[in-house]
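Note sheet for the following structure.
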Amino acid sequence: MTRQRLRRPGIWFAALLFAGVSVVVGCRVADTDGITPVPQLLAFLPWLLAPAALGLGLALLARWWTGVVWAVAVLGLLAWFMEPYGKIAAPGGPPVASLRVLTSNVEFGQATDPLIATVRREKPDLVFVQECESACDAALKESLGADYPHRQGVEAGGSAGSVLLSRFPLRAADRVPGTMGMPGAVTEVRGRTVRLQLAHPMPPLPGQVDVWRRELDALRDFAAAHARTPTILAGDFNASQDHAAFRRILDTGLRDAARLAGSDRTPTWPARTAGATPALGAQIDHVLVSADFAAQEARFLDLADTDHRALLVEVTLHQRR
């Protein structure tokens with residue numbers, strides 16, 4: 001009798017778990033980000049394995065065979081969509097130059113000093129810095145100006161400031177429009193023109209999902225417009241490969257350097273849990289490169305006083321055939 005009384009609540013609870021997970025997975029299948037709370041949950045798609053597995057256990061205990069089939073279908077789709085997305089074909093031409101690229105969100109400038117120490121230690125060729133307000137910008141000029149004399153930036157307070165530092169001479173380029181600064185530049189690397197663009201769209205907060213989607217679409221338009229030019233698009237995208245708006249950027253032909261280096265699911269946010277418990281984080285900071293580049297290594301660096309891990313990648317520019 002007791003088992004029969006417990007069976008019905010078990011079935012209802014399992015059904016609620018499956019329904020919630022199915023909405024998010026359904027949006028992933030439909031290639032859409034949906035509405036709140038789906039975009040927020042999509043960032044943590046692997047987390048959904050836990051409620052789906054719990055529901056499967058409840059369905060088995062209750063001998064609810066329809067629920068068991070439902071759970072297996074949901075778990076199978078989750079496993080399928082956890083596979084990396086995007087192209088990985090290697091460039092066909094001979095190598096031209098190797099570059100070290102660093103991107104870091106310093107959270108309202110709080111992690112400026114740790115970033116400066118990291119740049120001095122790692123010696124990247126290009127540095128993309130997000131949420132670099134006026135004090136951060138001044139500190140970078142004073143501490144790194146000799147080694148990185150070339151810069152393009154957006155001077156602004158709070159999270160809107162951004163700066164791109166380079167060892168190579170830079171020419172100004174049009175910014176991608178957005179709520180927060182997204183400067184661009186053009187440089188020459190061993191005789192080849194390379195387009196550089198910093199990414200920092202709005203996060204998909206409730207009530208701002210349309211802004212987030214629109215600014216990711218602007219980055220996609222930038223990538224499509226420069227599809228035939230060697231390009232590096234790097235920064236805090238506030239999106240993972242499980243977001244349709246981010247996948248549209250990859251569909252223009254850009255490659256995720258972390259994926260090329262075998263680290264496509266390594267989390268970058270939130271930093272407090274991403275390093276210690278990778279299952280509880282999401283990879284929303286990216287270095288995207290055109291088909292002219294190969295990536296040899298991706299390293300995720302923990303900086304104090306910021307909620308993002310920095311990403312350092314080693315890439316090689318190749319001659320196009």
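We name chains A, B, ... following the order of the structure tokens; residues begin at 1 in each chain, and ligands are numbered from 1 as shown.
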
* Asked: If we count only C-alpha atoms, what is near Arg167 in chain A at a cut-off of 10 Å, once residues fewer than 5 positions away on the same chain are taken out, given as a list in words?
  ->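 Listing them by chain and then by number gives Lys123, Pro124, Asp125, Leu126, Val127, Gly145, Ala146, Asp147, Tyr148, Pro149, His150, Arg151 and Thr187 of chain A.
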
Expected file contents, prior selection, N, CA, C and O atoms, as a PDB file, in the first residue's frame:
ATOM      1  N   LYS A 123      53.511  37.017 -21.857  1.00  0.00           N
ATOM      2  CA  LYS A 123      53.981  37.740 -23.046  1.00  0.00           C
ATOM      3  C   LYS A 123      53.147  37.447 -24.306  1.00  0.00           C
ATOM      4  O   LYS A 123      53.683  37.057 -25.353  1.00  0.00           O
ATOM      5  N   PRO A 124      51.841  37.635 -24.242  1.00  0.00           N
ATOM      6  CA  PRO A 124      51.034  37.468 -25.459  1.00  0.00           C
ATOM      7  C   PRO A 124      51.329  38.571 -26.469  1.00  0.00           C
ATOM      8  O   PRO A 124      51.824  39.644 -26.116  1.00  0.00           O
ATOM      9  N   ASP A 125      51.005  38.299 -27.721  1.00  0.00           N
ATOM     10  CA  ASP A 125      51.175  39.314 -28.763  1.00  0.00           C
ATOM     11  C   ASP A 125      49.970  40.247 -28.848  1.00  0.00           C
ATOM     12  O   ASP A 125      50.109  41.421 -29.206  1.00  0.00           O
ATOM     13  N   LEU A 126      48.794  39.717 -28.539  1.00  0.00           N
ATOM     14  CA  LEU A 126      47.555  40.477 -28.589  1.00  0.00           C
ATOM     15  C   LEU A 126      46.799  40.257 -27.290  1.00  0.00           C
ATOM     16  O   LEU A 126      46.703  39.125 -26.807  1.00  0.00           O
ATOM     17  N   VAL A 127      46.241  41.323 -26.735  1.00  0.00           N
ATOM     18  CA  VAL A 127      45.505  41.237 -25.470  1.00  0.00           C
ATOM     19  C   VAL A 127      44.149  41.923 -25.646  1.00  0.00           C
ATOM     20  O   VAL A 127      44.089  43.112 -25.981  1.00  0.00           O
ATOM     21  N   GLY A 145      52.579  49.979 -21.466  1.00  0.00           N
ATOM     22  CA  GLY A 145      52.706  50.808 -22.655  1.00  0.00           C
ATOM     23  C   GLY A 145      53.998  50.598 -23.422  1.00  0.00           C
ATOM     24  O   GLY A 145      54.015  50.675 -24.659  1.00  0.00           O
ATOM     25  N   ALA A 146      55.100  50.311 -22.725  1.00  0.00           N
ATOM     26  CA  ALA A 146      56.378  50.124 -23.416  1.00  0.00           C
ATOM     27  C   ALA A 146      56.375  48.854 -24.258  1.00  0.00           C
ATOM     28  O   ALA A 146      56.913  48.830 -25.379  1.00  0.00           O
ATOM     29  N   ASP A 147      55.786  47.788 -23.724  1.00  0.00           N
ATOM     30  CA  ASP A 147      55.763  46.509 -24.446  1.00  0.00           C
ATOM     31  C   ASP A 147      54.607  46.418 -25.429  1.00  0.00           C
ATOM     32  O   ASP A 147      54.676  45.656 -26.394  1.00  0.00           O
ATOM     33  N   TYR A 148      53.537  47.175 -25.161  1.00  0.00           N
ATOM     34  CA  TYR A 148      52.357  47.154 -26.034  1.00  0.00           C
ATOM     35  C   TYR A 148      52.022  48.596 -26.407  1.00  0.00           C
ATOM     36  O   TYR A 148      51.059  49.182 -25.897  1.00  0.00           O
ATOM     37  N   PRO A 149      52.805  49.154 -27.295  1.00  0.00           N
ATOM     38  CA  PRO A 149      52.622  50.579 -27.632  1.00  0.00           C
ATOM     39  C   PRO A 149      51.403  50.854 -28.506  1.00  0.00           C
ATOM     40  O   PRO A 149      51.043  52.013 -28.715  1.00  0.00           O
ATOM     41  N   HIS A 150      50.805  49.800 -29.052  1.00  0.00           N
ATOM     42  CA  HIS A 150      49.693  49.983 -29.989  1.00  0.00           C
ATOM     43  C   HIS A 150      48.396  49.533 -29.319  1.00  0.00           C
ATOM     44  O   HIS A 150      48.326  48.441 -28.739  1.00  0.00           O
ATOM     45  N   ARG A 151      47.364  50.353 -29.422  1.00  0.00           N
ATOM     46  CA  ARG A 151      46.110  50.044 -28.741  1.00  0.00           C
ATOM     47  C   ARG A 151      44.928  50.651 -29.472  1.00  0.00           C
ATOM     48  O   ARG A 151      45.043  51.651 -30.176  1.00  0.00           O
ATOM     49  N   THR A 187      45.728  44.994 -38.406  1.00  0.00           N
ATOM     50  CA  THR A 187      47.174  44.949 -38.245  1.00  0.00           C
ATOM     51  C   THR A 187      47.790  44.161 -39.394  1.00  0.00           C
ATOM     52  O   THR A 187      47.088  43.546 -40.201  1.00  0.00           O
TER      53      THR A 187
END

* Residues near Gln110 in chain A, cut-off 12 Å, only C-alpha atoms, skip fewer than 4 positions along chain, as JSON, numbers by chain -> {"A": [104, 105, 106, 114, 115, 116, 130, 131, 132, 133, 134, 135, 136, 137, 139, 158, 159, 303, 304, 305, 306, 307, 308]}

* To do: For CA of Phe293 in chain A and CA of Leu233 in chain A, determine how far apart the two atoms are, in Å to one decimal place.
  =>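 Rounded to one decimal, the two atoms are 12.0 Å apart.
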
* Taking the DSSP assignment computed from this structure's backbone, write out as a PyMOL selection string all residues of range 93-280 of chain A that belong to strand (DSSP E or B). => chain A and resi 95-105+126-130+150-154+162-166+170-173+184-189+192-199+231-236+255-256+269

* Mind giving me the straight-line distance from CA of Val96 in chain A to CA of Ile232 in chain A in Å, one decimal? => 15.4 Å

Please report, as JSON lines, each residue of range 252-295 of chain A lying at most 12 Å from range 32-41 of chain A, together with the nearest pair of atoms and the separation in Å rounded to one decimal; use only C-alpha atoms, and order rows by chain and ascending residue number.
{"residue": "A:Gly281", "atom": "CA", "partner": "A:Leu41", "partner_atom": "CA", "distance": 11.6}
{"residue": "A:Ala282", "atom": "CA", "partner": "A:Leu41", "partner_atom": "CA", "distance": 10.5}
{"residue": "A:Ile284", "atom": "CA", "partner": "A:Gln40", "partner_atom": "CA", "distance": 11.9}

Once you have the residues from the selection above, write them out as a JSON list (two decimals), in the first residue's frame, restricted to N, CA and C atoms.
[["chain", "number", "residue", "atom", "x", "y", "z"],
["A", 281, "GLY", "N", 30.42, 25.12, -14.48],
["A", 281, "GLY", "CA", 30.77, 26.34, -15.19],
["A", 281, "GLY", "C", 30.41, 26.25, -16.66],
["A", 282, "ALA", "N", 30.58, 27.37, -17.35],
["A", 282, "ALA", "CA", 30.29, 27.43, -18.79],
["A", 282, "ALA", "C", 31.42, 28.15, -19.50],
["A", 284, "ILE", "N", 32.15, 30.76, -21.83],
["A", 284, "ILE", "CA", 31.54, 31.90, -22.51],
["A", 284, "ILE", "C", 32.58, 32.89, -23.01]]

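You can rank A:Ala43, A:Leu317, A:Ala244, A:Leu78 by their closest distance to Thr229 in chain A using only C-alpha atoms, and at the top of that list sits A:Leu317.
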
Identify, on the basis of only C-alpha atoms, every residue whose closest approach to Leu280 in chain A does not exceed 12 Å; exclude the query and any residue fewer than 6 positions from it along the same chain; express the result as an mmCIF file with N, CA and C atoms, in the first residue's frame.
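As a result, result_26.cif now contains:
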data_model
loop_
_atom_site.group_PDB
_atom_site.id
_atom_site.type_symbol
_atom_site.label_atom_id
_atom_site.label_comp_id
_atom_site.auth_asym_id
_atom_site.auth_seq_id
_atom_site.Cartn_x
_atom_site.Cartn_y
_atom_site.Cartn_z
ATOM 1 N N ALA A 43 23.201 27.901 -21.250
ATOM 2 C CA ALA A 43 24.623 28.095 -20.951
ATOM 3 C C ALA A 43 25.178 26.931 -20.144
ATOM 4 N N PHE A 44 24.312 26.250 -19.420
ATOM 5 C CA PHE A 44 24.737 25.152 -18.547
ATOM 6 C C PHE A 44 24.088 23.846 -18.978
ATOM 7 N N LEU A 45 24.023 23.615 -20.274
ATOM 8 C CA LEU A 45 23.345 22.431 -20.805
ATOM 9 C C LEU A 45 23.797 21.125 -20.150
ATOM 10 N N PRO A 46 25.103 20.892 -19.916
ATOM 11 C CA PRO A 46 25.500 19.632 -19.282
ATOM 12 C C PRO A 46 24.892 19.420 -17.898
ATOM 13 N N TRP A 47 24.556 20.516 -17.187
ATOM 14 C CA TRP A 47 23.915 20.383 -15.870
ATOM 15 C C TRP A 47 22.611 19.599 -15.955
ATOM 16 N N LEU A 48 21.937 19.684 -17.108
ATOM 17 C CA LEU A 48 20.622 19.060 -17.232
ATOM 18 C C LEU A 48 20.692 17.538 -17.187
ATOM 19 N N ALA A 50 21.810 15.967 -14.719
ATOM 20 C CA ALA A 50 21.483 15.598 -13.340
ATOM 21 C C ALA A 50 19.979 15.425 -13.129
ATOM 22 N N ARG A 265 34.967 22.321 -23.918
ATOM 23 C CA ARG A 265 34.017 22.418 -22.803
ATOM 24 C C ARG A 265 34.665 22.928 -21.514
ATOM 25 N N THR A 266 35.908 23.354 -21.574
ATOM 26 C CA THR A 266 36.555 23.880 -20.369
ATOM 27 C C THR A 266 35.886 25.198 -19.985
ATOM 28 N N PRO A 267 35.356 25.323 -18.759
ATOM 29 C CA PRO A 267 34.585 26.516 -18.398
ATOM 30 C C PRO A 267 35.462 27.732 -18.115
ATOM 31 N N THR A 268 34.885 28.909 -18.350
ATOM 32 C CA THR A 268 35.567 30.166 -18.037
ATOM 33 C C THR A 268 34.786 31.008 -17.037
ATOM 34 N N TRP A 269 33.538 30.643 -16.785
ATOM 35 C CA TRP A 269 32.683 31.421 -15.884
ATOM 36 C C TRP A 269 31.658 30.519 -15.226
ATOM 37 N N PRO A 270 31.321 30.751 -13.956
ATOM 38 C CA PRO A 270 31.945 31.693 -13.020
ATOM 39 C C PRO A 270 33.271 31.149 -12.507
ATOM 40 N N ALA A 271 34.253 32.024 -12.377
ATOM 41 C CA ALA A 271 35.615 31.593 -12.048
ATOM 42 C C ALA A 271 35.687 30.864 -10.713
ATOM 43 N N ARG A 272 34.823 31.222 -9.779
ATOM 44 C CA ARG A 272 34.889 30.630 -8.442
ATOM 45 C C ARG A 272 34.691 29.111 -8.481
ATOM 46 N N THR A 273 33.842 28.636 -9.388
ATOM 47 C CA THR A 273 33.593 27.193 -9.482
ATOM 48 C C THR A 273 34.207 26.570 -10.732
ATOM 49 N N ALA A 274 34.494 27.376 -11.762
ATOM 50 C CA ALA A 274 34.940 26.829 -13.043
ATOM 51 C C ALA A 274 36.242 26.052 -12.923
#

* **Counting only C-alpha atoms, the residue of A:Arg7, A:Arg195, A:Arg259, A:Arg320 that sits nearest His226 in chain A** =>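 Ranking A:Arg7, A:Arg195, A:Arg259, A:Arg320 by distance to His226 in chain A, first place goes to A:Arg195.
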
* Shell of 12 Å around Glu83 in chain A, only C-alpha atoms, local chain residues under 2 positions omitted, as a VMD selection string -> chain A and resid 45 to 46 76 to 81 85 to 86 241 to 242 259 262 to 265
